file upload39.tsv (TSV, C-alpha atoms and all ligand atoms)
chain	number	residue	atom	x	y	z
A	19	MET	CA	-24.11	-13.02	-9.33
A	20	ALA	CA	-25.13	-9.71	-7.74
A	21	GLY	CA	-22.12	-10.06	-5.38
A	22	LYS	CA	-19.78	-10.55	-8.36
A	23	ARG	CA	-21.27	-7.50	-10.12
A	24	ALA	CA	-20.85	-5.38	-6.97
A	25	GLY	CA	-17.25	-6.63	-6.68
A	26	ARG	CA	-16.55	-5.66	-10.30
A	27	SER	CA	-18.09	-2.22	-9.82
A	28	VAL	CA	-15.84	-1.56	-6.79
A	29	LEU	CA	-12.81	-2.66	-8.85
A	30	GLY	CA	-13.87	-0.30	-11.65
A	31	LYS	CA	-14.38	2.55	-9.19
A	32	MET	CA	-10.93	1.93	-7.67
A	33	HIS	CA	-9.30	1.76	-11.09
A	34	ARG	CA	-10.82	5.13	-12.04
A	35	HIS	CA	-9.78	6.53	-8.67
A	36	PHE	CA	-6.12	5.53	-9.13
A	37	LEU	CA	-6.15	6.77	-12.75
A	38	SER	CA	-7.21	10.23	-11.67
A	39	ILE	CA	-5.07	10.49	-8.54
A	40	ALA	CA	-1.85	9.15	-10.12
A	41	PRO	CA	-0.26	12.57	-10.89
A	42	GLN	CA	-0.60	13.74	-7.27
A	43	TYR	CA	-0.41	10.47	-5.41
A	44	ARG	CA	3.15	10.79	-4.13
A	45	ASP	CA	2.57	14.33	-2.81
A	46	LEU	CA	-0.77	13.55	-1.18
A	47	ARG	CA	0.40	10.54	0.83
A	48	THR	CA	2.99	10.38	3.60
A	49	THR	CA	5.86	7.98	2.88
A	50	ASP	CA	7.31	6.14	5.89
A	51	LEU	CA	11.03	5.44	5.90
A	52	GLY	CA	10.96	2.98	8.84
A	53	PRO	CA	9.74	-0.07	6.90
A	54	ILE	CA	12.21	0.59	4.06
A	55	LEU	CA	15.12	0.72	6.52
A	56	TYR	CA	13.93	-2.49	8.16
A	57	ILE	CA	13.39	-4.36	4.87
A	58	THR	CA	16.65	-3.30	3.27
A	59	LYS	CA	18.54	-4.32	6.44
A	60	GLN	CA	17.02	-7.82	6.15
A	61	LEU	CA	18.44	-8.03	2.61
A	62	GLU	CA	21.93	-6.82	3.52
A	63	GLY	CA	23.53	-10.28	3.31
A	64	LEU	CA	22.51	-10.83	-0.32
A	65	GLY	CA	25.01	-10.08	-3.07
A	66	LYS	CA	22.31	-9.22	-5.61
A	67	VAL	CA	18.63	-8.62	-4.98
A	68	ARG	CA	15.96	-9.37	-7.57
A	69	ALA	CA	12.79	-7.90	-6.11
A	70	ALA	CA	9.26	-6.98	-7.12
A	71	ASP	CA	7.02	-4.24	-5.71
A	72	ILE	CA	3.43	-5.41	-6.26
A	73	GLY	CA	0.76	-2.71	-6.40
A	74	CYS	CA	3.67	-0.28	-6.64
A	75	GLY	CA	1.51	2.74	-7.56
A	76	SER	CA	3.59	5.71	-8.67
A	77	GLY	CA	6.63	4.20	-6.98
A	78	ARG	CA	7.20	6.24	-3.83
A	79	TYR	CA	8.32	3.16	-1.84
A	80	GLY	CA	10.09	1.50	-4.76
A	81	LEU	CA	12.19	4.63	-5.22
A	82	LYS	CA	13.31	4.56	-1.57
A	83	PHE	CA	13.95	0.82	-1.78
A	84	ILE	CA	16.30	1.26	-4.76
A	85	GLU	CA	17.96	4.31	-3.20
A	86	HIS	CA	18.82	2.22	-0.14
A	87	LEU	CA	19.96	-0.94	-1.91
A	88	GLY	CA	21.67	0.79	-4.82
A	89	GLU	CA	22.99	-0.96	-7.90
A	90	LYS	CA	22.91	-4.42	-6.37
A	91	CYS	CA	19.15	-4.61	-6.82
A	92	HIS	CA	16.77	-4.82	-9.73
A	93	LEU	CA	13.17	-3.91	-8.95
A	94	PHE	CA	10.18	-5.10	-11.01
A	95	CYS	CA	7.47	-2.53	-10.38
A	96	VAL	CA	4.08	-4.17	-10.95
A	97	ASP	CA	0.75	-2.36	-11.01
A	98	ALA	CA	-2.62	-2.81	-12.69
A	99	ASN	CA	-2.86	0.92	-13.42
A	100	ARG	CA	-0.98	2.36	-16.42
A	101	GLU	CA	-1.15	5.97	-15.20
A	102	MET	CA	0.52	5.05	-11.91
A	103	LEU	CA	3.28	3.30	-13.87
A	104	ARG	CA	3.70	6.27	-16.21
A	105	HIS	CA	4.38	8.54	-13.22
A	106	LEU	CA	6.67	5.94	-11.68
A	107	ARG	CA	8.79	5.80	-14.86
A	108	ASP	CA	9.01	9.61	-15.06
A	109	ASP	CA	10.03	9.94	-11.40
A	110	PHE	CA	12.61	7.15	-11.52
A	111	ILE	CA	14.19	8.54	-14.66
A	112	GLU	CA	14.24	12.02	-13.14
A	113	SER	CA	16.08	10.51	-10.15
A	114	CYS	CA	18.56	8.82	-12.56
A	115	ILE	CA	17.37	5.35	-11.51
A	116	THR	CA	17.59	2.72	-14.25
A	117	ASN	CA	17.69	-0.62	-12.38
A	118	PHE	CA	13.93	-1.19	-12.61
A	119	THR	CA	11.33	-2.63	-14.97
A	120	ALA	CA	7.77	-1.28	-14.93
A	121	ILE	CA	5.21	-4.02	-15.57
A	122	HIS	CA	1.51	-3.47	-16.20
A	123	ALA	CA	-0.06	-6.58	-14.66
A	124	ASP	CA	-2.38	-7.96	-12.06
A	125	SER	CA	-1.09	-9.12	-8.68
A	126	HIS	CA	-2.80	-12.45	-9.36
A	127	ARG	CA	-0.90	-13.09	-12.59
A	128	ILE	CA	2.63	-11.74	-12.29
A	129	PRO	CA	4.52	-12.14	-15.58
A	130	LEU	CA	7.80	-13.20	-13.96
A	131	GLN	CA	9.50	-16.57	-13.96
A	132	THR	CA	8.90	-19.18	-11.28
A	133	ASP	CA	11.55	-19.15	-8.51
A	134	SER	CA	13.09	-15.95	-9.83
A	135	LEU	CA	12.86	-13.38	-6.99
A	136	ASP	CA	14.71	-12.90	-3.72
A	137	CYS	CA	11.90	-10.80	-2.32
A	138	ILE	CA	8.54	-9.18	-2.89
A	139	ILE	CA	7.49	-5.94	-1.27
A	140	SER	CA	3.97	-4.55	-1.23
A	141	PHE	CA	2.88	-1.33	0.45
A	142	ASN	CA	-0.70	-0.31	1.24
A	143	ALA	CA	-2.06	-2.55	-1.46
A	144	ILE	CA	-3.02	-6.02	-0.21
A	145	HIS	CA	-6.57	-4.92	0.63
A	146	HIS	CA	-7.01	-4.27	-3.10
A	147	PHE	CA	-5.96	-7.82	-4.08
A	148	SER	CA	-7.57	-11.21	-3.81
A	149	LEU	CA	-5.26	-12.30	-1.00
A	150	ALA	CA	-5.26	-16.05	-1.73
A	151	ASP	CA	-4.54	-15.50	-5.46
A	152	PHE	CA	-1.78	-13.03	-4.69
A	153	MET	CA	-0.17	-15.38	-2.15
A	154	ARG	CA	-0.24	-18.24	-4.64
A	155	GLU	CA	1.48	-16.04	-7.26
A	156	ALA	CA	3.96	-14.65	-4.74
A	157	SER	CA	5.08	-18.12	-3.66
A	158	ARG	CA	5.43	-19.15	-7.31
A	159	VAL	CA	7.74	-16.28	-8.29
A	160	LEU	CA	9.76	-16.25	-5.06
A	161	LYS	CA	12.87	-18.41	-4.83
A	162	PRO	CA	12.87	-21.00	-2.04
A	163	ASN	CA	13.50	-19.01	1.17
A	164	GLY	CA	12.61	-15.81	-0.68
A	165	LYS	CA	10.88	-13.20	1.48
A	166	LEU	CA	7.52	-11.46	1.18
A	167	PHE	CA	7.22	-8.09	2.96
A	168	LEU	CA	3.66	-6.77	3.32
A	169	TYR	CA	3.14	-3.31	4.78
A	170	THR	CA	-0.44	-2.38	5.60
A	171	ARG	CA	-2.85	-0.65	7.99
A	172	LEU	CA	-4.88	-3.16	9.90
A	173	LYS	CA	-8.57	-2.53	10.43
A	174	ASP	CA	-8.12	-1.46	14.07
A	175	GLN	CA	-5.09	0.67	13.19
A	176	ASN	CA	-7.24	2.45	10.62
A	177	GLU	CA	-9.84	3.19	13.30
A	178	ARG	CA	-7.19	4.96	15.40
A	179	THR	CA	-5.99	7.34	12.65
A	180	ILE	CA	-7.08	10.97	12.62
A	181	TRP	CA	-9.58	9.93	9.92
A	182	GLY	CA	-10.92	6.96	11.86
A	183	ARG	CA	-11.38	9.05	14.98
A	184	HIS	CA	-12.74	12.27	13.54
A	185	PHE	CA	-14.00	11.82	9.96
A	186	PRO	CA	-17.62	10.59	10.16
A	187	CYS	CA	-18.15	6.99	9.00
A	188	PHE	CA	-14.53	6.58	7.82
A	189	SER	CA	-14.01	3.23	9.57
A	190	GLU	CA	-17.45	1.92	8.66
A	191	LYS	CA	-16.94	2.74	4.97
A	192	GLU	CA	-13.51	1.05	4.88
A	193	LYS	CA	-14.43	-2.62	4.87
A	194	ARG	CA	-11.45	-3.94	2.91
A	195	LEU	CA	-8.65	-3.80	5.48
A	196	TYR	CA	-7.67	-6.93	7.39
A	197	GLN	CA	-7.35	-7.75	11.06
A	198	LEU	CA	-4.09	-9.40	12.03
A	199	ASP	CA	-5.89	-12.68	12.80
A	200	GLU	CA	-7.39	-12.75	9.30
A	201	LEU	CA	-3.95	-12.30	7.74
A	202	LYS	CA	-2.46	-14.95	10.00
A	203	SER	CA	-5.11	-17.49	9.11
A	204	ALA	CA	-4.72	-16.73	5.37
A	205	PHE	CA	-1.02	-17.53	5.70
A	206	ALA	CA	-1.72	-20.58	7.87
A	207	SER	CA	-3.79	-22.04	5.05
A	208	ASP	CA	-1.10	-21.40	2.41
A	209	PRO	CA	1.22	-24.40	2.06
A	210	ASN	CA	4.23	-22.34	0.92
A	211	LEU	CA	4.34	-19.04	2.79
A	212	ASN	CA	5.17	-18.98	6.49
A	213	ILE	CA	4.97	-15.78	8.54
A	214	ASN	CA	8.22	-15.35	10.44
A	215	THR	CA	7.91	-11.76	11.73
A	216	VAL	CA	5.12	-9.30	12.49
A	217	LYS	CA	6.47	-5.84	13.14
A	218	PHE	CA	4.44	-2.82	14.24
A	219	PHE	CA	5.36	0.73	13.32
A	220	GLU	CA	4.18	3.95	14.93
A	221	HIS	CA	4.53	7.30	13.20
A	222	HIS	CA	4.01	10.62	14.95
A	223	ARG	CA	2.28	13.04	12.57
A	224	VAL	CA	1.82	16.80	12.90
A	225	TYR	CA	-0.16	18.48	10.12
A	226	PRO	CA	-2.00	21.77	9.71
A	227	LEU	CA	-5.76	21.59	9.18
A	228	GLU	CA	-5.39	22.90	5.64
A	229	ARG	CA	-3.20	19.98	4.62
A	230	LEU	CA	-5.67	17.47	6.06
A	231	MET	CA	-8.53	19.15	4.21
A	232	GLU	CA	-6.55	19.07	0.98
A	233	GLN	CA	-5.85	15.34	1.45
A	234	ALA	CA	-9.53	14.60	2.05
A	235	ARG	CA	-10.79	16.78	-0.82
A	236	LYS	CA	-8.38	15.09	-3.21
A	237	HIS	CA	-9.28	11.65	-1.81
A	238	HIS	CA	-5.77	10.64	-0.75
A	239	TYR	CA	-7.36	7.49	0.70
A	240	SER	CA	-9.54	5.51	-1.70
A	241	THR	CA	-11.98	5.04	1.22
A	242	PHE	CA	-13.43	8.47	0.36
A	243	GLN	CA	-14.70	6.98	-2.91
A	244	PHE	CA	-17.32	5.12	-0.86
A	245	TYR	CA	-19.06	8.40	0.13
A	246	LYS	CA	-21.81	9.87	-2.00
A	247	LYS	CA	-21.07	13.49	-2.97
A	248	HIS	CA	-23.40	15.11	-0.43
A	249	GLU	CA	-22.32	12.62	2.27
A	250	PHE	CA	-18.69	13.53	1.71
A	251	ARG	CA	-19.43	17.27	1.84
A	252	ASP	CA	-21.28	16.89	5.16
A	253	ALA	CA	-18.66	14.56	6.59
A	254	LEU	CA	-15.83	16.95	5.70
A	255	HIS	CA	-17.73	19.77	7.42
A	256	ARG	CA	-18.19	17.62	10.54
A	257	PHE	CA	-14.54	16.54	10.43
A	258	VAL	CA	-13.48	20.19	10.71
A	259	GLN	CA	-15.96	20.75	13.57
A	260	ASN	CA	-14.59	17.68	15.36
A	261	LEU	CA	-11.01	18.88	14.98
A	262	LEU	CA	-11.96	22.36	16.24
A	263	ALA	CA	-13.42	20.71	19.33
A	264	HIS	CA	-10.33	18.55	19.97
A	265	TYR	CA	-7.31	20.68	19.06
A	266	SER	CA	-6.46	24.22	20.16
A	267	ASP	CA	-3.72	24.77	17.55
A	268	LEU	CA	-5.07	23.98	14.09
A	269	ASP	CA	-1.66	24.51	12.54
A	270	ARG	CA	-0.31	21.58	14.55
A	271	ILE	CA	-2.82	18.76	14.64
A	272	SER	CA	-1.00	15.74	15.98
A	273	TRP	CA	-1.74	12.04	16.18
A	274	LYS	CA	-0.05	8.68	15.82
A	275	ASP	CA	-0.44	6.44	12.78
A	276	GLN	CA	0.23	2.75	13.18
A	277	ASN	CA	1.10	0.21	10.51
A	278	THR	CA	2.01	-3.43	10.37
A	279	LEU	CA	4.76	-5.14	8.42
A	280	LEU	CA	4.32	-8.84	7.90
A	281	VAL	CA	7.35	-10.84	6.79
A	282	ALA	CA	6.77	-14.27	5.31
A	283	GLU	CA	9.20	-16.79	3.89
A	284	ASN	CA	8.72	-19.12	0.96
A	285	ILE	CA	9.29	-22.57	2.42
A	286	GLN	CA	8.61	-24.60	-0.74
A	287	ASN	CA	11.50	-26.69	-2.09
B	301	LIG	C1	-3.22	2.40	-2.27
B	301	LIG	S1	-2.27	2.27	-3.74
B	301	LIG	C2	-0.65	2.00	-3.07
B	301	LIG	C3	0.43	2.31	-4.06
B	301	LIG	C4	1.86	2.20	-3.52
B	301	LIG	N1	2.17	0.86	-3.07
B	301	LIG	C5	2.05	3.19	-2.41
B	301	LIG	O1	2.03	2.84	-1.22
B	301	LIG	O2	2.23	4.38	-2.76
B	301	LIG	C6	-2.72	0.67	-4.35
B	301	LIG	C7	-2.14	0.35	-5.72
B	301	LIG	O3	-2.46	-1.02	-6.01
B	301	LIG	C8	-2.80	-1.10	-7.38
B	301	LIG	N2	-3.64	-2.29	-7.55
B	301	LIG	C9	-4.89	-2.49	-7.10
B	301	LIG	N3	-5.32	-3.72	-7.42
B	301	LIG	C10	-4.30	-4.32	-8.06
B	301	LIG	C11	-4.12	-5.62	-8.61
B	301	LIG	N4	-5.07	-6.54	-8.54
B	301	LIG	N5	-2.94	-5.90	-9.19
B	301	LIG	C12	-1.95	-4.97	-9.26
B	301	LIG	N6	-2.06	-3.72	-8.76
B	301	LIG	C13	-3.21	-3.40	-8.15
B	301	LIG	C14	-3.52	0.20	-7.68
B	301	LIG	O4	-3.51	0.50	-9.07
B	301	LIG	C15	-2.70	1.18	-6.85
B	301	LIG	O5	-1.65	1.72	-7.59
call {"tool": "encode", "arguments": {"input": "upload39.tsv", "output": "structure tokens", "more": "lines below"}}
Ligand SMILES: C[S@@+](CC[C@H](N)C(=O)[O-])C[C@H]1O[C@@H](n2cnc3c(N)ncnc32)[C@H](O)[C@@H]1O
result
Amino acid sequence: MAGKRAGRSVLGKMHRHFLSIAPQYRDLRTTDLGPILYITKQLEGLGKVRAADIGCGSGRYGLKFIEHLGEKCHLFCVDANREMLRHLRDDFIESCITNFTAIHADSHRIPLQTDSLDCIISFNAIHHFSLADFMREASRVLKPNGKLFLYTRLKDQNERTIWGRHFPCFSEKEKRLYQLDELKSAFASDPNLNINTVKFFEHHRVYPLERLMEQARKHHYSTFQFYKKHEFRDALHRFVQNLLAHYSDLDRISWKDQNTLLVAENIQN
């Protein structure tokens, strides 16, 4: 019971976090083109693409997906947060994109027809879902042989980011991310979804200290929500000290981010 209550309070905290960050989310995060190029290449052979982006947020990846596939695709943008979807709609309309439908829904109950999608994409979101429930829903809405593309930071990849290495307690506070083995065994126990590719991406980043401080202060990663106010203030101070000790040019702090793209296929008939 206490576990359930704690789970609900984290969900509530995350919901409030995404409500407040929605207007700035796209600008605060770095959007990687590599996975979009890879995914859209995999879909090249299809005449039309009916796709859903689950946990789409304010749509930074969905926008790139549609830009690359053009008119042949229709994207259902699904998120549990209305503010994120409001910003997504505004941005898509501003970019003259109309081949999308924004849907306010939970990843565990996707209001789309069974066997109706060629693919599902999901970026930086699976650690917010109940994985088993999401996989069950994904295999229901995917057509037979439909593809699921999951882009995420694994737990050990998170530890190697600039935040994991230099921001005190960042990795310890972030308990939601998966290890690759955990994802593989979740898929192994699903009767319908088979992993057929695991692809690793590496992104070379160079940012000035000021930008990193702005990202942290505005909580660009929801992990920062797990710090108490005074803890966060002290940790930010120590983060700056750690960077001063490691980098001589604070206008060009460089590191490599790593991410994983998991591609699964719906093998049900
Ligand atoms: C870290 S953000 C990523 C957003 C977007 N995919 C991106 O990379 O910019 C996670 C998103 O998942 C959404 N989310 C969290 N739990 C969800 C759930 N159970 N069902 C649907 N969306 C959810 C949040 O509202 C948030 O917009």
call {"tool": "closest_residue", "arguments": {"input": "upload39.tsv", "among": "A:Lys236, A:Arg194, A:Arg100, A:His122", "to": "Ile144 in chain A", "atoms": "only C-alpha atoms"}}
result
A:Arg194
call {"tool": "residues_near_ligand", "arguments": {"input": "upload39.tsv", "ligand": "ligand LIG 301 (chain B)", "cutoff": "7 Å", "atoms": "all atoms listed in the file", "output": "PyMOL selection string"}}
result
chain A and resi 33+36+44+72-79+96-99+102+123-126+140-143+146-147
call {"tool": "write_last_selection", "arguments": {"input": "upload39.tsv", "atoms": "C-alpha atoms", "output": "PDB file, in the coordinates of the input"}}
result
ATOM      1  CA  HIS A  33      -9.300   1.760 -11.090  1.00  0.00           C
ATOM      2  CA  PHE A  36      -6.120   5.530  -9.130  1.00  0.00           C
ATOM      3  CA  ARG A  44       3.150  10.790  -4.130  1.00  0.00           C
ATOM      4  CA  ILE A  72       3.430  -5.410  -6.260  1.00  0.00           C
ATOM      5  CA  GLY A  73       0.760  -2.710  -6.400  1.00  0.00           C
ATOM      6  CA  CYS A  74       3.670  -0.280  -6.640  1.00  0.00           C
ATOM      7  CA  GLY A  75       1.510   2.740  -7.560  1.00  0.00           C
ATOM      8  CA  SER A  76       3.590   5.710  -8.670  1.00  0.00           C
ATOM      9  CA  GLY A  77       6.630   4.200  -6.980  1.00  0.00           C
ATOM     10  CA  ARG A  78       7.200   6.240  -3.830  1.00  0.00           C
ATOM     11  CA  TYR A  79       8.320   3.160  -1.840  1.00  0.00           C
ATOM     12  CA  VAL A  96       4.080  -4.170 -10.950  1.00  0.00           C
ATOM     13  CA  ASP A  97       0.750  -2.360 -11.010  1.00  0.00           C
ATOM     14  CA  ALA A  98      -2.620  -2.810 -12.690  1.00  0.00           C
ATOM     15  CA  ASN A  99      -2.860   0.920 -13.420  1.00  0.00           C
ATOM     16  CA  MET A 102       0.520   5.050 -11.910  1.00  0.00           C
ATOM     17  CA  ALA A 123      -0.060  -6.580 -14.660  1.00  0.00           C
ATOM     18  CA  ASP A 124      -2.380  -7.960 -12.060  1.00  0.00           C
ATOM     19  CA  SER A 125      -1.090  -9.120  -8.680  1.00  0.00           C
ATOM     20  CA  HIS A 126      -2.800 -12.450  -9.360  1.00  0.00           C
ATOM     21  CA  SER A 140       3.970  -4.550  -1.230  1.00  0.00           C
ATOM     22  CA  PHE A 141       2.880  -1.330   0.450  1.00  0.00           C
ATOM     23  CA  ASN A 142      -0.700  -0.310   1.240  1.00  0.00           C
ATOM     24  CA  ALA A 143      -2.060  -2.550  -1.460  1.00  0.00           C
ATOM     25  CA  HIS A 146      -7.010  -4.270  -3.100  1.00  0.00           C
ATOM     26  CA  PHE A 147      -5.960  -7.820  -4.080  1.00  0.00           C
TER      27      PHE A 147
END
call {"tool": "atom_distance", "arguments": {"input": "upload39.tsv", "atom1": "CA of Asn210 in chain A", "atom2": "CA of Asp151 in chain A"}}
result
12.8 Å
call {"tool": "closest_residue", "arguments": {"input": "upload39.tsv", "among": "A:Ala282, A:Leu51, A:Ile180, A:Ile128", "to": "Val159 in chain A", "atoms": "only C-alpha atoms"}}
result
A:Ile128
call {"tool": "atom_distance", "arguments": {"input": "upload39.tsv", "atom1": "CA of Trp273 in chain A", "atom2": "CA of Phe219 in chain A"}}
result
13.7 Å
call {"tool": "closest_residue", "arguments": {"input": "upload39.tsv", "among": "A:His255, A:Arg154, A:Arg223, A:Lys165", "to": "Pro186 in chain A", "atoms": "all atoms listed in the file"}}
result
A:His255
